[in-house]
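Participant: Handing you a structure now.
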Amino acid sequence: MAPDRGIEGQTSICGRTYEEYLDMIMSFHGHVAPGVVLGGFMVELAWRHRPEGEFFDALCETRACLPDAVQILTPCTIGNGWLRVINVGRFALSLYEKYSGRGARVFVDAVKMDPFPELKAWFFKLKPKKEQSFDVLMEEIRRAGVSVCGVEHVNLDPAFVTSHRRKGFIVCPSCGEAFPLEEGPVCGGCRGELPYLPRTGSRR
Ligand SMILES: [Zn+2]
């Protein structure tokens with residue numbers, strides 16, 4: 001398939017028109033965030049380059065925006081476990097075959113951003129938000145499409161591919177709530193891994 005340059009009238013994002021996708025972002029994400037728009041092109045590119053297979057899981061390398069593009073355009077969600085996020089802060093995602101771990105990884109290629117100065121300034125936070133032009137930015141994202149992205153074939157570690165399958169749950173001796181038994185003798189909450197301040201009231 002020829003690369004989609006995002007030319008007006010020819011833009012398609014996972015079978016939706018560009019305008020349909022913007023409406024979907026609005027209802028799911030709350031506002032048309034540039035990162036979710038760009039993310040849609042990235043999901044489209046990964047889908048085009050996916051290996052053979054029937055069932056695909058997704059991995060996002062940032063929490064920002066990209067997971068919502070995956071959740072809008074694919075059956076993979078955080079809740080069903082088919083989308084996982086490892087937040088290393090790279091604006092990149094992979095779609096991979098759920099058993100073999102073979103997949104396509106799409107990332108933003110900074111070098112390819114030079115023809116799109118507003119997009120580059122937004123991506124690298126080169127200027128304060130009030131100096132950005134949202135309209136110019138959106139137009140550049142639309143024109144850029146997948147052309148600012150790179151794609152590579154990847155193989156995921158089998159330990160990662162199967163790691164989300166829980167072995168069972170036990171009741172924490174400290175808080176009395178159930179937690180995954182592989183976590184250790186007490187739950188992560190009681191180990192201080194959650195940001196709650198010490199309780200002042202009683203629990204009901
Ligand atoms: Zn506990």
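Here, A, B, ... name the chains of the structure tokens in the order displayed, residue numbers run from 1 inside each chain, and ligands are numbered from 1 in the same displayed order.
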Quick one: residues within 9 Å of ligand 1, with only C-alpha atoms and all ligand atoms, as a PyMOL selection string?
Facilitator: chain A and resi 171-179+186-191
Participant: With DSSP run on the backbone, what are the alpha helix (DSSP H) residues within segment 9-75 of chain A? I'd like them as a tab-separated table (two decimals) with N, CA and C atoms, in the first residue's frame.
Facilitator:
chain	number	residue	atom	x	y	z
A	18	TYR	N	-11.06	11.64	8.42
A	18	TYR	CA	-10.40	12.51	9.39
A	18	TYR	C	-11.43	13.21	10.27
A	19	GLU	N	-12.52	13.70	9.66
A	19	GLU	CA	-13.55	14.42	10.43
A	19	GLU	C	-14.26	13.48	11.41
A	20	GLU	N	-14.54	12.26	10.97
A	20	GLU	CA	-15.16	11.28	11.87
A	20	GLU	C	-14.26	11.01	13.08
A	21	TYR	N	-12.97	10.91	12.79
A	21	TYR	CA	-12.02	10.65	13.88
A	21	TYR	C	-12.00	11.81	14.88
A	22	LEU	N	-12.03	13.05	14.38
A	22	LEU	CA	-12.05	14.21	15.29
A	22	LEU	C	-13.29	14.17	16.19
A	23	ASP	N	-14.44	13.78	15.64
A	23	ASP	CA	-15.66	13.65	16.45
A	23	ASP	C	-15.50	12.58	17.53
A	24	MET	N	-14.86	11.47	17.16
A	24	MET	CA	-14.65	10.39	18.13
A	24	MET	C	-13.71	10.85	19.26
A	25	ILE	N	-12.70	11.64	18.90
A	25	ILE	CA	-11.79	12.17	19.92
A	25	ILE	C	-12.57	13.07	20.89
A	26	MET	N	-13.40	13.92	20.32
A	26	MET	CA	-14.18	14.86	21.13
A	26	MET	C	-15.00	14.12	22.17
A	27	SER	N	-15.69	13.05	21.76
A	27	SER	CA	-16.57	12.38	22.71
A	27	SER	C	-15.79	11.51	23.69
A	28	PHE	N	-14.64	10.99	23.29
A	28	PHE	CA	-13.90	10.10	24.20
A	28	PHE	C	-12.93	10.85	25.09
A	29	HIS	N	-12.21	11.80	24.52
A	29	HIS	CA	-11.09	12.46	25.20
A	29	HIS	C	-11.49	13.79	25.84
A	34	PRO	N	-4.15	17.60	20.10
A	34	PRO	CA	-3.25	17.31	18.97
A	34	PRO	C	-2.58	15.94	19.08
A	35	GLY	N	-2.23	15.55	20.30
A	35	GLY	CA	-1.55	14.28	20.47
A	35	GLY	C	-2.41	13.08	20.11
A	36	VAL	N	-3.71	13.19	20.35
A	36	VAL	CA	-4.60	12.08	19.99
A	36	VAL	C	-4.80	12.05	18.47
A	37	VAL	N	-4.83	13.24	17.85
A	37	VAL	CA	-4.95	13.29	16.38
A	37	VAL	C	-3.71	12.65	15.74
A	38	LEU	N	-2.54	13.10	16.16
A	38	LEU	CA	-1.30	12.51	15.65
A	38	LEU	C	-1.27	11.01	15.95
A	39	GLY	N	-1.71	10.65	17.14
A	39	GLY	CA	-1.74	9.24	17.54
A	39	GLY	C	-2.60	8.39	16.61
A	40	GLY	N	-3.67	8.96	16.08
A	40	GLY	CA	-4.52	8.22	15.14
A	40	GLY	C	-3.76	7.81	13.89
A	41	PHE	N	-2.97	8.74	13.37
A	41	PHE	CA	-2.14	8.40	12.20
A	41	PHE	C	-1.14	7.29	12.55
A	42	MET	N	-0.66	7.33	13.80
A	42	MET	CA	0.33	6.33	14.22
A	42	MET	C	-0.29	4.94	14.34
A	43	VAL	N	-1.54	4.89	14.87
A	43	VAL	CA	-2.23	3.60	14.95
A	43	VAL	C	-2.49	3.06	13.54
A	44	GLU	N	-2.90	3.95	12.64
A	44	GLU	CA	-3.14	3.57	11.24
A	44	GLU	C	-1.86	2.97	10.62
A	45	LEU	N	-0.73	3.62	10.86
A	45	LEU	CA	0.53	3.14	10.27
A	45	LEU	C	0.94	1.79	10.87
A	46	ALA	N	0.78	1.65	12.17
A	46	ALA	CA	1.12	0.38	12.82
A	46	ALA	C	0.21	-0.74	12.30
A	47	TRP	N	-1.07	-0.40	12.11
A	47	TRP	CA	-2.02	-1.40	11.63
A	47	TRP	C	-1.63	-1.87	10.23
A	48	ARG	N	-1.20	-0.93	9.38
A	48	ARG	CA	-0.80	-1.29	8.01
A	48	ARG	C	0.41	-2.21	8.01
A	66	LEU	N	-1.58	9.11	23.51
A	66	LEU	CA	-1.48	7.95	22.64
A	66	LEU	C	-2.40	6.79	23.07
A	67	PRO	N	-2.50	6.49	24.38
A	67	PRO	CA	-3.40	5.40	24.77
A	67	PRO	C	-4.85	5.66	24.33
A	68	ASP	N	-5.26	6.92	24.30
A	68	ASP	CA	-6.64	7.20	23.88
A	68	ASP	C	-6.83	6.97	22.39
A	69	ALA	N	-5.82	7.26	21.58
A	69	ALA	CA	-5.92	6.96	20.15
A	69	ALA	C	-6.10	5.46	19.94
A	70	VAL	N	-5.34	4.66	20.70
A	70	VAL	CA	-5.46	3.20	20.60
A	70	VAL	C	-6.86	2.75	21.04
A	71	GLN	N	-7.35	3.33	22.13
A	71	GLN	CA	-8.64	2.90	22.67
A	71	GLN	C	-9.81	3.33	21.77
A	72	ILE	N	-9.66	4.44	21.07
A	72	ILE	CA	-10.71	4.90	20.16
A	72	ILE	C	-10.75	4.03	18.90
A	73	LEU	N	-9.58	3.65	18.40
A	73	LEU	CA	-9.51	3.06	17.06
A	73	LEU	C	-9.39	1.54	17.03
Participant: Expressed in Å to a single decimal, how great is the separation between atom CA of Arg90 of chain A and atom CA of Phe124 of chain A?
Facilitator: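 Interatomic distance here is 11.7 Å.
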